$ cat protein.cif   # mmCIF, C-alpha atoms
data_coords
#
loop_
_atom_site.group_PDB
_atom_site.id
_atom_site.type_symbol
_atom_site.label_atom_id
_atom_site.label_comp_id
_atom_site.auth_asym_id
_atom_site.auth_seq_id
_atom_site.Cartn_x
_atom_site.Cartn_y
_atom_site.Cartn_z
ATOM 1 C CA MET A 12 -298.678 54.244 -177.668
ATOM 2 C CA GLU A 13 -295.146 53.318 -176.876
ATOM 3 C CA THR A 14 -292.691 55.705 -178.510
ATOM 4 C CA ALA A 15 -289.102 54.858 -179.388
ATOM 5 C CA ARG A 16 -288.026 56.865 -176.327
ATOM 6 C CA GLY A 17 -290.569 55.042 -174.117
ATOM 7 C CA LEU A 18 -289.463 51.643 -175.378
ATOM 8 C CA ARG A 19 -285.815 52.553 -174.860
ATOM 9 C CA LYS A 20 -286.549 53.616 -171.241
ATOM 10 C CA THR A 21 -288.590 50.470 -170.520
ATOM 11 C CA LEU A 22 -285.776 48.270 -171.824
ATOM 12 C CA HIS A 23 -283.057 50.292 -170.061
ATOM 13 C CA ASP A 24 -284.948 50.122 -166.732
ATOM 14 C CA ARG A 25 -284.846 46.324 -167.052
ATOM 15 C CA GLY A 26 -281.176 46.159 -167.980
ATOM 16 C CA MET A 27 -281.735 45.594 -171.709
ATOM 17 C CA ARG A 28 -280.803 47.642 -174.715
ATOM 18 C CA MET A 29 -282.843 49.049 -177.539
ATOM 19 C CA THR A 30 -282.254 47.437 -180.926
ATOM 20 C CA PRO A 31 -283.595 48.496 -184.307
ATOM 21 C CA GLN A 32 -285.321 45.104 -184.609
ATOM 22 C CA ARG A 33 -287.248 45.641 -181.370
ATOM 23 C CA GLN A 34 -288.499 49.007 -182.547
ATOM 24 C CA LEU A 35 -289.391 47.611 -185.992
ATOM 25 C CA VAL A 36 -291.402 44.784 -184.426
ATOM 26 C CA LEU A 37 -293.282 47.146 -182.111
ATOM 27 C CA ASP A 38 -293.951 49.526 -185.021
ATOM 28 C CA ALA A 39 -295.252 46.619 -187.135
ATOM 29 C CA VAL A 40 -297.608 45.417 -184.387
ATOM 30 C CA ARG A 41 -298.856 48.963 -183.905
ATOM 31 C CA SER A 42 -299.498 49.522 -187.616
ATOM 32 C CA LEU A 43 -301.096 46.117 -188.275
ATOM 33 C CA GLY A 44 -303.475 46.129 -185.312
ATOM 34 C CA HIS A 45 -303.887 42.374 -184.832
ATOM 35 C CA ALA A 46 -301.245 40.321 -186.580
ATOM 36 C CA THR A 47 -299.575 36.927 -186.471
ATOM 37 C CA PRO A 48 -295.799 36.644 -186.130
ATOM 38 C CA GLU A 49 -295.616 35.785 -189.840
ATOM 39 C CA GLN A 50 -297.531 38.952 -190.798
ATOM 40 C CA ILE A 51 -295.312 41.003 -188.488
ATOM 41 C CA CYS A 52 -292.225 39.410 -190.051
ATOM 42 C CA GLN A 53 -293.416 40.329 -193.546
ATOM 43 C CA ARG A 54 -293.945 43.941 -192.463
ATOM 44 C CA VAL A 55 -290.540 44.156 -190.746
ATOM 45 C CA GLN A 56 -288.800 42.609 -193.760
ATOM 46 C CA GLU A 57 -290.130 45.427 -195.964
ATOM 47 C CA THR A 58 -287.633 47.653 -194.125
ATOM 48 C CA ALA A 59 -285.117 45.116 -192.825
ATOM 49 C CA PRO A 60 -285.033 42.059 -195.113
ATOM 50 C CA THR A 61 -282.415 40.235 -193.027
ATOM 51 C CA VAL A 62 -284.634 39.999 -189.911
ATOM 52 C CA ASN A 63 -285.845 36.402 -189.637
ATOM 53 C CA ILE A 64 -288.908 34.816 -188.034
ATOM 54 C CA THR A 65 -286.902 33.586 -185.020
ATOM 55 C CA THR A 66 -285.986 37.181 -184.178
ATOM 56 C CA ILE A 67 -289.626 38.164 -184.541
ATOM 57 C CA TYR A 68 -290.792 35.434 -182.128
ATOM 58 C CA ARG A 69 -288.107 36.290 -179.550
ATOM 59 C CA THR A 70 -288.891 39.994 -179.781
ATOM 60 C CA LEU A 71 -292.646 39.428 -179.498
ATOM 61 C CA ASP A 72 -292.076 37.235 -176.451
ATOM 62 C CA LEU A 73 -289.949 39.953 -174.832
ATOM 63 C CA LEU A 74 -292.432 42.740 -175.667
ATOM 64 C CA ASP A 75 -295.270 40.581 -174.314
ATOM 65 C CA ARG A 76 -293.402 39.929 -171.051
ATOM 66 C CA LEU A 77 -292.727 43.677 -170.750
ATOM 67 C CA GLY A 78 -296.436 44.389 -171.234
ATOM 68 C CA LEU A 79 -295.890 46.380 -174.430
ATOM 69 C CA VAL A 80 -297.901 43.999 -176.623
ATOM 70 C CA ARG A 81 -300.528 41.348 -175.888
ATOM 71 C CA HIS A 82 -301.146 38.052 -177.568
ATOM 72 C CA THR A 83 -304.423 36.268 -178.106
ATOM 73 C CA HIS A 84 -305.047 32.826 -179.533
ATOM 74 C CA LEU A 85 -307.798 33.361 -182.075
ATOM 75 C CA GLY A 86 -307.856 29.766 -183.235
ATOM 76 C CA HIS A 87 -305.609 26.771 -183.673
ATOM 77 C CA GLY A 88 -302.807 28.648 -185.437
ATOM 78 C CA ALA A 89 -300.258 31.174 -184.284
ATOM 79 C CA PRO A 90 -301.267 33.802 -181.733
ATOM 80 C CA SER A 91 -302.253 37.275 -182.817
ATOM 81 C CA TYR A 92 -300.430 40.246 -181.292
ATOM 82 C CA SER A 93 -301.676 43.764 -180.659
ATOM 83 C CA VAL A 94 -300.598 46.803 -178.684
ATOM 84 C CA ASP A 95 -301.982 46.900 -175.156
ATOM 85 C CA GLU A 96 -304.091 50.009 -175.517
ATOM 86 C CA HIS A 97 -307.513 48.503 -176.124
ATOM 87 C CA GLN A 98 -309.349 45.959 -174.048
ATOM 88 C CA HIS A 99 -311.776 43.692 -175.855
ATOM 89 C CA VAL A 100 -312.858 40.114 -176.402
ATOM 90 C CA HIS A 101 -312.530 38.561 -179.852
ATOM 91 C CA LEU A 102 -315.395 36.730 -181.532
ATOM 92 C CA VAL A 103 -313.975 34.341 -184.135
ATOM 93 C CA CYS A 104 -316.248 32.815 -186.794
ATOM 94 C CA HIS A 105 -315.448 29.166 -187.588
ATOM 95 C CA ALA A 106 -317.115 29.403 -190.985
ATOM 96 C CA CYS A 107 -315.566 32.495 -192.600
ATOM 97 C CA GLY A 108 -312.730 33.457 -190.218
ATOM 98 C CA ARG A 109 -314.214 36.870 -189.462
ATOM 99 C CA ILE A 110 -313.003 38.428 -186.197
ATOM 100 C CA ASP A 111 -315.184 40.911 -184.339
ATOM 101 C CA GLU A 112 -314.456 42.689 -181.077
ATOM 102 C CA ILE A 113 -316.773 43.258 -178.132
ATOM 103 C CA PRO A 114 -316.134 45.168 -174.902
ATOM 104 C CA CYS A 115 -314.816 43.099 -171.991
ATOM 105 C CA GLU A 116 -317.609 44.511 -169.841
ATOM 106 C CA LEU A 117 -320.096 42.234 -171.614
ATOM 107 C CA LEU A 118 -318.457 39.340 -169.751
ATOM 108 C CA ASP A 119 -318.704 41.002 -166.317
ATOM 109 C CA PRO A 120 -321.447 38.601 -165.134
ATOM 110 C CA LEU A 121 -319.233 35.627 -166.035
ATOM 111 C CA VAL A 122 -316.197 37.276 -164.416
ATOM 112 C CA GLY A 123 -318.181 37.756 -161.197
ATOM 113 C CA THR A 124 -319.510 34.193 -161.219
ATOM 114 C CA LEU A 125 -316.044 32.709 -161.735
ATOM 115 C CA ARG A 126 -314.611 34.870 -158.949
ATOM 116 C CA GLU A 127 -317.355 33.970 -156.444
ATOM 117 C CA ARG A 128 -317.809 30.318 -157.330
ATOM 118 C CA ASP A 129 -314.262 29.239 -158.209
ATOM 119 C CA GLY A 130 -311.996 31.968 -156.815
ATOM 120 C CA PHE A 131 -310.753 32.506 -160.380
ATOM 121 C CA GLU A 132 -309.942 35.944 -161.808
ATOM 122 C CA LEU A 133 -310.634 35.915 -165.561
ATOM 123 C CA ASP A 134 -308.562 38.147 -167.864
ATOM 124 C CA ALA A 135 -311.263 38.684 -170.471
ATOM 125 C CA SER A 136 -309.018 40.968 -172.540
ATOM 126 C CA HIS A 137 -306.945 37.909 -173.416
ATOM 127 C CA LEU A 138 -309.901 35.911 -174.672
ATOM 128 C CA ALA A 139 -311.281 34.708 -178.000
ATOM 129 C CA LEU A 140 -314.689 33.084 -178.291
ATOM 130 C CA SER A 141 -315.362 30.773 -181.220
ATOM 131 C CA GLY A 142 -318.697 30.416 -182.954
ATOM 132 C CA THR A 143 -320.554 31.450 -186.087
ATOM 133 C CA CYS A 144 -321.054 35.079 -187.115
ATOM 134 C CA ARG A 145 -324.463 36.525 -187.988
ATOM 135 C CA ASP A 146 -323.729 36.599 -191.738
ATOM 136 C CA CYS A 147 -322.798 32.895 -191.828
ATOM 137 C CA LEU A 148 -325.831 32.012 -189.684
ATOM 138 C CA LYS A 149 -328.043 33.918 -192.109
ATOM 139 C CA GLN A 150 -326.504 32.053 -195.085
ATOM 140 C CA GLU A 151 -327.081 28.725 -193.321
ATOM 141 C CA GLN A 152 -330.731 29.582 -192.716
ATOM 142 C CA GLU A 153 -331.231 30.631 -196.333
ATOM 143 C CA THR A 154 -329.818 27.348 -197.675
ATOM 144 C CA GLU A 155 -331.988 25.156 -195.425
#

$ encode --input "protein.cif" --output "structure tokens"
Amino acid sequence: METARGLRKTLHDRGMRMTPQRQLVLDAVRSLGHATPEQICQRVQETAPTVNITTIYRTLDLLDRLGLVRHTHLGHGAPSYSVDEHQHVHLVCHACGRIDEIPCELLDPLVGTLRERDGFELDASHLALSGTCRDCLKQEQETE
């Protein structure tokens, strides 16, 4: 995980300075796991009530460009951000909104096919697949 000292060095190496807001945003992403900018803003405002959503978006964009956080679009709404220490694919249920994670390696056959057939290198860790979870499928079958 990125420490305050590590974040400060990363920013300094790129000619930027460390701000309390940047550290608060990174800490919020780390503690929340997967979170939208609005959820991150709520967490940051618990400590720093004057930090607004625009600052959150700008900081998340910067941290994403620096490779300190990753964003994934889990649906039609705002992206979800997480720290870049785990690699997985998200399975998003249309019916209940449940989000499960599977290892990227499960998509290796698809990654290989896309590379060979289309010359395309898939970043599966940045991927969300939409469908229906097993619990919702079971409920559907029981009501038929």

$ residues_around --input "protein.cif" --residues "A:Leu118" --least-positions-apart "5" --cutoff "12 Å" --atoms "all atoms listed in the file" --output "list in words"
His99, Val100, His101, Ile113, Gly123, Thr124, Leu125, Leu133, Asp134, Ala135, Ser136, Leu138, Ala139 and Leu140 of chain A

$ closest_residue --input "protein.cif" --among "A:Glu155, A:Gln98, A:Arg145, A:Gly88" --to "A:Leu117" --atoms "only C-alpha atoms"
A:Gln98

$ atom_distance --input "protein.cif" --atom1 "atom CA of A:Val103" --atom2 "atom CA of A:Cys147"
11.8 Å

$ resolve_selection --input "protein.cif" --expression "the PyMOL selection byres ((chain A and resi 16-31) around 12)" --output "JSON, numbers by chain"
{"A": [12, 13, 14, 15, 32, 33, 34, 35, 36, 37, 38, 55, 58, 59, 62, 66, 67, 70, 73, 74, 76, 77, 78, 79, 80]}

$ atom_distance --input "protein.cif" --atom1 "atom CA of A:Cys115" --atom2 "atom CA of A:Arg128"
19.7 Å

$ atom_distance --input "protein.cif" --atom1 "atom CA of A:Cys104" --atom2 "atom CA of A:Ser42"
23.7 Å

$ axis_aligned_box --input "protein.cif" --around "stretch 90-109 of chain A" --padding-each-side "8 Å" --output "AutoDock Vina command-line options"
--center_x -308.8 --center_y 39.6 --center_z -183.3 --size_x 32.7 --size_y 36.8 --size_z 34.6

$ resolve_selection --input "protein.cif" --expression "the PyMOL selection byres ((chain A and resi 51) around 10)" --output "PyMOL selection string"
chain A and resi 35-43+45-50+52-56+64+67-68+71+91-92

$ closest_residue --input "protein.cif" --among "A:Ser93, A:Val122, A:Phe131, A:Leu85" --to "A:Arg109" --atoms "only C-alpha atoms"
A:Leu85

$ closest_residue --input "protein.cif" --among "A:Thr154, A:Thr65, A:Thr143, A:Glu57" --to "A:Ala106" --atoms "only C-alpha atoms"
A:Thr143

$ decode --input "protein.cif" --residues "stretch 71-121 of chain A" --atoms "N, CA and C atoms" --output "PDB file, in the first residue's frame"
ATOM      1  N   LEU A  71      -8.745  12.018  -7.730  1.00  0.00           N
ATOM      2  CA  LEU A  71      -8.852  10.641  -8.225  1.00  0.00           C
ATOM      3  C   LEU A  71      -8.252  10.515  -9.620  1.00  0.00           C
ATOM      4  N   ASP A  72      -8.498  11.510 -10.462  1.00  0.00           N
ATOM      5  CA  ASP A  72      -7.925  11.496 -11.807  1.00  0.00           C
ATOM      6  C   ASP A  72      -6.404  11.498 -11.735  1.00  0.00           C
ATOM      7  N   LEU A  73      -5.837  12.350 -10.888  1.00  0.00           N
ATOM      8  CA  LEU A  73      -4.389  12.418 -10.725  1.00  0.00           C
ATOM      9  C   LEU A  73      -3.843  11.094 -10.199  1.00  0.00           C
ATOM     10  N   LEU A  74      -4.452  10.556  -9.139  1.00  0.00           N
ATOM     11  CA  LEU A  74      -3.974   9.299  -8.550  1.00  0.00           C
ATOM     12  C   LEU A  74      -4.092   8.148  -9.543  1.00  0.00           C
ATOM     13  N   ASP A  75      -5.120   8.182 -10.386  1.00  0.00           N
ATOM     14  CA  ASP A  75      -5.284   7.155 -11.420  1.00  0.00           C
ATOM     15  C   ASP A  75      -4.165   7.280 -12.462  1.00  0.00           C
ATOM     16  N   ARG A  76      -3.886   8.501 -12.904  1.00  0.00           N
ATOM     17  CA  ARG A  76      -2.818   8.707 -13.885  1.00  0.00           C
ATOM     18  C   ARG A  76      -1.456   8.310 -13.331  1.00  0.00           C
ATOM     19  N   LEU A  77      -1.264   8.471 -12.012  1.00  0.00           N
ATOM     20  CA  LEU A  77      -0.006   8.102 -11.370  1.00  0.00           C
ATOM     21  C   LEU A  77       0.074   6.600 -11.095  1.00  0.00           C
ATOM     22  N   GLY A  78      -1.031   5.896 -11.314  1.00  0.00           N
ATOM     23  CA  GLY A  78      -1.050   4.453 -11.073  1.00  0.00           C
ATOM     24  C   GLY A  78      -1.231   4.069  -9.620  1.00  0.00           C
ATOM     25  N   LEU A  79      -1.689   5.013  -8.786  1.00  0.00           N
ATOM     26  CA  LEU A  79      -1.862   4.730  -7.366  1.00  0.00           C
ATOM     27  C   LEU A  79      -3.255   4.188  -7.047  1.00  0.00           C
ATOM     28  N   VAL A  80      -4.216   4.465  -7.900  1.00  0.00           N
ATOM     29  CA  VAL A  80      -5.552   3.881  -7.796  1.00  0.00           C
ATOM     30  C   VAL A  80      -5.972   3.448  -9.203  1.00  0.00           C
ATOM     31  N   ARG A  81      -6.989   2.616  -9.266  1.00  0.00           N
ATOM     32  CA  ARG A  81      -7.544   2.171 -10.549  1.00  0.00           C
ATOM     33  C   ARG A  81      -9.028   2.419 -10.530  1.00  0.00           C
ATOM     34  N   HIS A  82      -9.571   2.713 -11.702  1.00  0.00           N
ATOM     35  CA  HIS A  82     -11.021   2.859 -11.774  1.00  0.00           C
ATOM     36  C   HIS A  82     -11.605   1.785 -12.671  1.00  0.00           C
ATOM     37  N   THR A  83     -12.825   1.402 -12.346  1.00  0.00           N
ATOM     38  CA  THR A  83     -13.560   0.422 -13.125  1.00  0.00           C
ATOM     39  C   THR A  83     -14.989   0.914 -13.257  1.00  0.00           C
ATOM     40  N   HIS A  84     -15.550   0.773 -14.423  1.00  0.00           N
ATOM     41  CA  HIS A  84     -16.955   1.118 -14.631  1.00  0.00           C
ATOM     42  C   HIS A  84     -17.779  -0.134 -14.384  1.00  0.00           C
ATOM     43  N   LEU A  85     -18.492  -0.138 -13.271  1.00  0.00           N
ATOM     44  CA  LEU A  85     -19.263  -1.316 -12.881  1.00  0.00           C
ATOM     45  C   LEU A  85     -20.682  -1.279 -13.420  1.00  0.00           C
ATOM     46  N   GLY A  86     -21.048  -0.212 -14.047  1.00  0.00           N
ATOM     47  CA  GLY A  86     -22.390  -0.072 -14.598  1.00  0.00           C
ATOM     48  C   GLY A  86     -22.480   1.252 -15.322  1.00  0.00           C
ATOM     49  N   HIS A  87     -23.680   1.806 -15.337  1.00  0.00           N
ATOM     50  CA  HIS A  87     -23.906   3.053 -16.064  1.00  0.00           C
ATOM     51  C   HIS A  87     -23.565   4.295 -15.244  1.00  0.00           C
ATOM     52  N   GLY A  88     -23.335   4.152 -13.961  1.00  0.00           N
ATOM     53  CA  GLY A  88     -23.079   5.304 -13.109  1.00  0.00           C
ATOM     54  C   GLY A  88     -21.606   5.669 -13.057  1.00  0.00           C
ATOM     55  N   ALA A  89     -21.239   6.294 -11.976  1.00  0.00           N
ATOM     56  CA  ALA A  89     -19.860   6.742 -11.774  1.00  0.00           C
ATOM     57  C   ALA A  89     -18.929   5.536 -11.659  1.00  0.00           C
ATOM     58  N   PRO A  90     -17.659   5.732 -12.007  1.00  0.00           N
ATOM     59  CA  PRO A  90     -16.703   4.632 -11.861  1.00  0.00           C
ATOM     60  C   PRO A  90     -16.459   4.324 -10.391  1.00  0.00           C
ATOM     61  N   SER A  91     -15.950   3.149 -10.153  1.00  0.00           N
ATOM     62  CA  SER A  91     -15.560   2.730  -8.813  1.00  0.00           C
ATOM     63  C   SER A  91     -14.040   2.717  -8.766  1.00  0.00           C
ATOM     64  N   TYR A  92     -13.473   3.214  -7.674  1.00  0.00           N
ATOM     65  CA  TYR A  92     -12.023   3.298  -7.532  1.00  0.00           C
ATOM     66  C   TYR A  92     -11.543   2.334  -6.466  1.00  0.00           C
ATOM     67  N   SER A  93     -10.352   1.795  -6.676  1.00  0.00           N
ATOM     68  CA  SER A  93      -9.724   0.920  -5.690  1.00  0.00           C
ATOM     69  C   SER A  93      -8.211   1.106  -5.780  1.00  0.00           C
ATOM     70  N   VAL A  94      -7.513   0.648  -4.743  1.00  0.00           N
ATOM     71  CA  VAL A  94      -6.059   0.710  -4.783  1.00  0.00           C
ATOM     72  C   VAL A  94      -5.577  -0.380  -5.717  1.00  0.00           C
ATOM     73  N   ASP A  95      -4.450  -0.151  -6.356  1.00  0.00           N
ATOM     74  CA  ASP A  95      -3.944  -1.065  -7.381  1.00  0.00           C
ATOM     75  C   ASP A  95      -3.089  -2.158  -6.760  1.00  0.00           C
ATOM     76  N   GLU A  96      -3.653  -2.919  -5.841  1.00  0.00           N
ATOM     77  CA  GLU A  96      -2.873  -3.996  -5.257  1.00  0.00           C
ATOM     78  C   GLU A  96      -3.524  -5.340  -5.473  1.00  0.00           C
ATOM     79  N   HIS A  97      -4.685  -5.378  -6.078  1.00  0.00           N
ATOM     80  CA  HIS A  97      -5.329  -6.649  -6.387  1.00  0.00           C
ATOM     81  C   HIS A  97      -5.858  -6.617  -7.816  1.00  0.00           C
ATOM     82  N   GLN A  98      -5.675  -7.715  -8.489  1.00  0.00           N
ATOM     83  CA  GLN A  98      -6.061  -7.819  -9.886  1.00  0.00           C
ATOM     84  C   GLN A  98      -7.232  -8.797  -9.981  1.00  0.00           C
ATOM     85  N   HIS A  99      -8.367  -8.291 -10.426  1.00  0.00           N
ATOM     86  CA  HIS A  99      -9.537  -9.144 -10.566  1.00  0.00           C
ATOM     87  C   HIS A  99     -10.522  -8.540 -11.554  1.00  0.00           C
ATOM     88  N   VAL A 100     -11.454  -9.360 -11.974  1.00  0.00           N
ATOM     89  CA  VAL A 100     -12.541  -8.944 -12.847  1.00  0.00           C
ATOM     90  C   VAL A 100     -13.790  -8.868 -11.985  1.00  0.00           C
ATOM     91  N   HIS A 101     -14.619  -7.876 -12.244  1.00  0.00           N
ATOM     92  CA  HIS A 101     -15.858  -7.705 -11.479  1.00  0.00           C
ATOM     93  C   HIS A 101     -17.023  -8.339 -12.222  1.00  0.00           C
ATOM     94  N   LEU A 102     -17.860  -9.050 -11.482  1.00  0.00           N
ATOM     95  CA  LEU A 102     -19.103  -9.596 -12.005  1.00  0.00           C
ATOM     96  C   LEU A 102     -20.234  -8.801 -11.360  1.00  0.00           C
ATOM     97  N   VAL A 103     -20.993  -8.077 -12.163  1.00  0.00           N
ATOM     98  CA  VAL A 103     -22.017  -7.170 -11.654  1.00  0.00           C
ATOM     99  C   VAL A 103     -23.391  -7.723 -12.006  1.00  0.00           C
ATOM    100  N   CYS A 104     -24.229  -7.952 -10.985  1.00  0.00           N
ATOM    101  CA  CYS A 104     -25.572  -8.480 -11.197  1.00  0.00           C
ATOM    102  C   CYS A 104     -26.534  -7.337 -11.530  1.00  0.00           C
ATOM    103  N   HIS A 105     -27.212  -7.457 -12.677  1.00  0.00           N
ATOM    104  CA  HIS A 105     -28.209  -6.460 -13.083  1.00  0.00           C
ATOM    105  C   HIS A 105     -29.402  -6.430 -12.137  1.00  0.00           C
ATOM    106  N   ALA A 106     -29.749  -7.574 -11.580  1.00  0.00           N
ATOM    107  CA  ALA A 106     -30.970  -7.673 -10.786  1.00  0.00           C
ATOM    108  C   ALA A 106     -30.825  -7.068  -9.389  1.00  0.00           C
ATOM    109  N   CYS A 107     -29.766  -7.441  -8.666  1.00  0.00           N
ATOM    110  CA  CYS A 107     -29.653  -7.006  -7.267  1.00  0.00           C
ATOM    111  C   CYS A 107     -28.500  -6.035  -7.024  1.00  0.00           C
ATOM    112  N   GLY A 108     -27.605  -5.866  -8.010  1.00  0.00           N
ATOM    113  CA  GLY A 108     -26.477  -4.951  -7.844  1.00  0.00           C
ATOM    114  C   GLY A 108     -25.263  -5.573  -7.178  1.00  0.00           C
ATOM    115  N   ARG A 109     -25.349  -6.839  -6.840  1.00  0.00           N
ATOM    116  CA  ARG A 109     -24.232  -7.534  -6.196  1.00  0.00           C
ATOM    117  C   ARG A 109     -23.000  -7.479  -7.095  1.00  0.00           C
ATOM    118  N   ILE A 110     -21.828  -7.334  -6.476  1.00  0.00           N
ATOM    119  CA  ILE A 110     -20.561  -7.307  -7.209  1.00  0.00           C
ATOM    120  C   ILE A 110     -19.663  -8.390  -6.630  1.00  0.00           C
ATOM    121  N   ASP A 111     -19.296  -9.340  -7.469  1.00  0.00           N
ATOM    122  CA  ASP A 111     -18.350 -10.384  -7.084  1.00  0.00           C
ATOM    123  C   ASP A 111     -17.056 -10.159  -7.841  1.00  0.00           C
ATOM    124  N   GLU A 112     -15.991 -10.793  -7.371  1.00  0.00           N
ATOM    125  CA  GLU A 112     -14.691 -10.681  -8.011  1.00  0.00           C
ATOM    126  C   GLU A 112     -14.194 -12.066  -8.388  1.00  0.00           C
ATOM    127  N   ILE A 113     -13.595 -12.164  -9.577  1.00  0.00           N
ATOM    128  CA  ILE A 113     -12.977 -13.410 -10.006  1.00  0.00           C
ATOM    129  C   ILE A 113     -11.556 -13.097 -10.457  1.00  0.00           C
ATOM    130  N   PRO A 114     -10.664 -14.077 -10.391  1.00  0.00           N
ATOM    131  CA  PRO A 114      -9.284 -13.829 -10.831  1.00  0.00           C
ATOM    132  C   PRO A 114      -9.216 -13.547 -12.328  1.00  0.00           C
ATOM    133  N   CYS A 115      -8.338 -12.637 -12.705  1.00  0.00           N
ATOM    134  CA  CYS A 115      -8.141 -12.295 -14.122  1.00  0.00           C
ATOM    135  C   CYS A 115      -7.747 -13.516 -14.948  1.00  0.00           C
ATOM    136  N   GLU A 116      -7.073 -14.469 -14.321  1.00  0.00           N
ATOM    137  CA  GLU A 116      -6.598 -15.640 -15.040  1.00  0.00           C
ATOM    138  C   GLU A 116      -7.738 -16.426 -15.688  1.00  0.00           C
ATOM    139  N   LEU A 117      -8.947 -16.314 -15.159  1.00  0.00           N
ATOM    140  CA  LEU A 117     -10.074 -17.022 -15.759  1.00  0.00           C
ATOM    141  C   LEU A 117     -10.350 -16.533 -17.177  1.00  0.00           C
ATOM    142  N   LEU A 118      -9.895 -15.324 -17.509  1.00  0.00           N
ATOM    143  CA  LEU A 118     -10.096 -14.791 -18.850  1.00  0.00           C
ATOM    144  C   LEU A 118      -8.884 -15.008 -19.760  1.00  0.00           C
ATOM    145  N   ASP A 119      -7.885 -15.758 -19.306  1.00  0.00           N
ATOM    146  CA  ASP A 119      -6.694 -15.987 -20.120  1.00  0.00           C
ATOM    147  C   ASP A 119      -7.004 -16.534 -21.513  1.00  0.00           C
ATOM    148  N   PRO A 120      -7.940 -17.489 -21.662  1.00  0.00           N
ATOM    149  CA  PRO A 120      -8.247 -17.942 -23.028  1.00  0.00           C
ATOM    150  C   PRO A 120      -8.749 -16.802 -23.922  1.00  0.00           C
ATOM    151  N   LEU A 121      -9.597 -15.935 -23.396  1.00  0.00           N
ATOM    152  CA  LEU A 121     -10.087 -14.797 -24.160  1.00  0.00           C
ATOM    153  C   LEU A 121      -8.951 -13.823 -24.465  1.00  0.00           C
TER     154      LEU A 121
END
